[in-house]
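Please read the structure below before turning to the comments.
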Amino acid sequence: MDDVLTVLALLFVAAAATLAVLTQDPARQAIVLSLLGLGLALLFTVLQAPDVGLSQLGVGSVVTPLMILLTVRKVRRRKRRE
């Protein structure tokens, strides 16, 4: 059962990473990056590293995509003013 969960988590991470690379819009990339962080947190938890999974959940799924979204918003506002 653990092997099946590991393989499923790895497939999800691979699919999310590929989707993040292929996405053109930076705002959508941040959302896909959040899904990737969630998948990595799940993978770390399945691999019995819950402390790393919790860190990944906080940083990779919430903080980093939020900072990217705020940056994209600020850049788009500046472009409108010019």
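Ligands are numbered from 1 in the order shown, residues from 1 within each chain, and chains are lettered A, B, ... in the order they appear in the structure tokens.
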
Within 6 Å of segment 30-47 of chain A, counting only C-alpha atoms, which residues show up once you throw out same-chain ones fewer than 2 positions away? Write them as a list in words, please.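 Near segment 30-47 of chain A, the qualifying residues are Ala9, Val13, Ala16, Ala20, Ala27, Arg28, Ala49, Pro50, Gly53, Gln56, Leu57, Gly60, Ser61 and Pro65 of chain A.
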
Those residues you just picked out, can you put them in a file as a PDB file, in the first residue's frame with N, CA, C and O atoms?
```
ATOM      1  N   ALA A   9       1.937   9.724  -5.525  1.00  0.00           N
ATOM      2  CA  ALA A   9       2.449  11.043  -5.154  1.00  0.00           C
ATOM      3  C   ALA A   9       3.535  11.501  -6.123  1.00  0.00           C
ATOM      4  O   ALA A   9       3.578  12.671  -6.520  1.00  0.00           O
ATOM      5  N   VAL A  13       3.404  14.805  -8.502  1.00  0.00           N
ATOM      6  CA  VAL A  13       4.468  15.817  -8.477  1.00  0.00           C
ATOM      7  C   VAL A  13       5.036  16.020  -9.875  1.00  0.00           C
ATOM      8  O   VAL A  13       5.268  17.161 -10.309  1.00  0.00           O
ATOM      9  N   ALA A  16       2.436  17.947 -11.945  1.00  0.00           N
ATOM     10  CA  ALA A  16       2.332  19.351 -11.524  1.00  0.00           C
ATOM     11  C   ALA A  16       3.568  20.142 -11.946  1.00  0.00           C
ATOM     12  O   ALA A  16       3.459  21.299 -12.371  1.00  0.00           O
ATOM     13  N   ALA A  20       3.578  23.260 -14.469  1.00  0.00           N
ATOM     14  CA  ALA A  20       4.129  24.558 -14.057  1.00  0.00           C
ATOM     15  C   ALA A  20       5.098  25.098 -15.105  1.00  0.00           C
ATOM     16  O   ALA A  20       5.141  26.302 -15.362  1.00  0.00           O
ATOM     17  N   ALA A  27       0.553  34.355 -13.180  1.00  0.00           N
ATOM     18  CA  ALA A  27      -0.420  34.162 -12.106  1.00  0.00           C
ATOM     19  C   ALA A  27      -0.875  32.700 -12.055  1.00  0.00           C
ATOM     20  O   ALA A  27      -1.002  32.113 -10.974  1.00  0.00           O
ATOM     21  N   ARG A  28      -1.095  32.124 -13.203  1.00  0.00           N
ATOM     22  CA  ARG A  28      -1.472  30.704 -13.236  1.00  0.00           C
ATOM     23  C   ARG A  28      -0.309  29.819 -12.817  1.00  0.00           C
ATOM     24  O   ARG A  28      -0.504  28.773 -12.204  1.00  0.00           O
ATOM     25  N   ALA A  49       8.526  11.698   6.342  1.00  0.00           N
ATOM     26  CA  ALA A  49       9.258  12.887   6.751  1.00  0.00           C
ATOM     27  C   ALA A  49       8.232  13.996   7.002  1.00  0.00           C
ATOM     28  O   ALA A  49       8.164  14.976   6.258  1.00  0.00           O
ATOM     29  N   PRO A  50       7.401  13.847   8.040  1.00  0.00           N
ATOM     30  CA  PRO A  50       6.311  14.805   8.238  1.00  0.00           C
ATOM     31  C   PRO A  50       6.786  16.207   8.582  1.00  0.00           C
ATOM     32  O   PRO A  50       6.112  17.182   8.244  1.00  0.00           O
ATOM     33  N   GLY A  53       7.492  17.751   5.369  1.00  0.00           N
ATOM     34  CA  GLY A  53       6.207  17.943   4.696  1.00  0.00           C
ATOM     35  C   GLY A  53       5.468  19.163   5.205  1.00  0.00           C
ATOM     36  O   GLY A  53       4.887  19.921   4.429  1.00  0.00           O
ATOM     37  N   GLN A  56       7.227  22.226   3.871  1.00  0.00           N
ATOM     38  CA  GLN A  56       6.890  22.387   2.457  1.00  0.00           C
ATOM     39  C   GLN A  56       5.472  22.899   2.290  1.00  0.00           C
ATOM     40  O   GLN A  56       5.201  23.718   1.423  1.00  0.00           O
ATOM     41  N   LEU A  57       4.577  22.425   3.128  1.00  0.00           N
ATOM     42  CA  LEU A  57       3.187  22.871   3.060  1.00  0.00           C
ATOM     43  C   LEU A  57       3.090  24.371   3.323  1.00  0.00           C
ATOM     44  O   LEU A  57       2.387  25.093   2.613  1.00  0.00           O
ATOM     45  N   GLY A  60       6.121  26.143   0.497  1.00  0.00           N
ATOM     46  CA  GLY A  60       5.934  25.847  -0.922  1.00  0.00           C
ATOM     47  C   GLY A  60       4.519  25.985  -1.407  1.00  0.00           C
ATOM     48  O   GLY A  60       4.287  26.249  -2.590  1.00  0.00           O
ATOM     49  N   SER A  61       3.552  25.799  -0.517  1.00  0.00           N
ATOM     50  CA  SER A  61       2.160  25.858  -0.952  1.00  0.00           C
ATOM     51  C   SER A  61       1.479  27.185  -0.672  1.00  0.00           C
ATOM     52  O   SER A  61       0.464  27.496  -1.278  1.00  0.00           O
ATOM     53  N   PRO A  65       3.941  31.013  -3.472  1.00  0.00           N
ATOM     54  CA  PRO A  65       2.953  31.448  -4.482  1.00  0.00           C
ATOM     55  C   PRO A  65       2.299  32.786  -4.145  1.00  0.00           C
ATOM     56  O   PRO A  65       2.021  33.580  -5.044  1.00  0.00           O
TER      57      PRO A  65
END
```

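For the atom pair formed by atom CA of Val63 of chain A and atom CA of Glu82 of chain A, the distance is 29.3 Å, given to one decimal.
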
Best match for closeness to Arg76 of chain A among A:Leu54, A:Thr64, A:Pro26, A:Val21, counting only C-alpha atoms: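 Smallest separation from Arg76 of chain A among the options: A:Pro26.
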
Calculated over only C-alpha atoms, which of the candidates A:Val59, A:Val52, A:Leu69, A:Leu10 has the smallest distance to Gln29 of chain A?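 Smallest separation from Gln29 of chain A among the options: A:Leu69.
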
Please identify the alpha helix (DSSP H) residues within chain A (assignment by DSSP from backbone atoms) and present them as number ranges by chain. A: 2-22, 26-46, 50-58, 64-81

Do you have the atom CA of Arg78 of chain A-atom CA of Gly58 of chain A distance handy?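 For atom CA of Arg78 of chain A relative to atom CA of Gly58 of chain A, the distance reads 29.3 Å.
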
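What separates atom CA of Gln24 of chain A from atom CA of Val72 of chain A is a distance of 13.0 Å.
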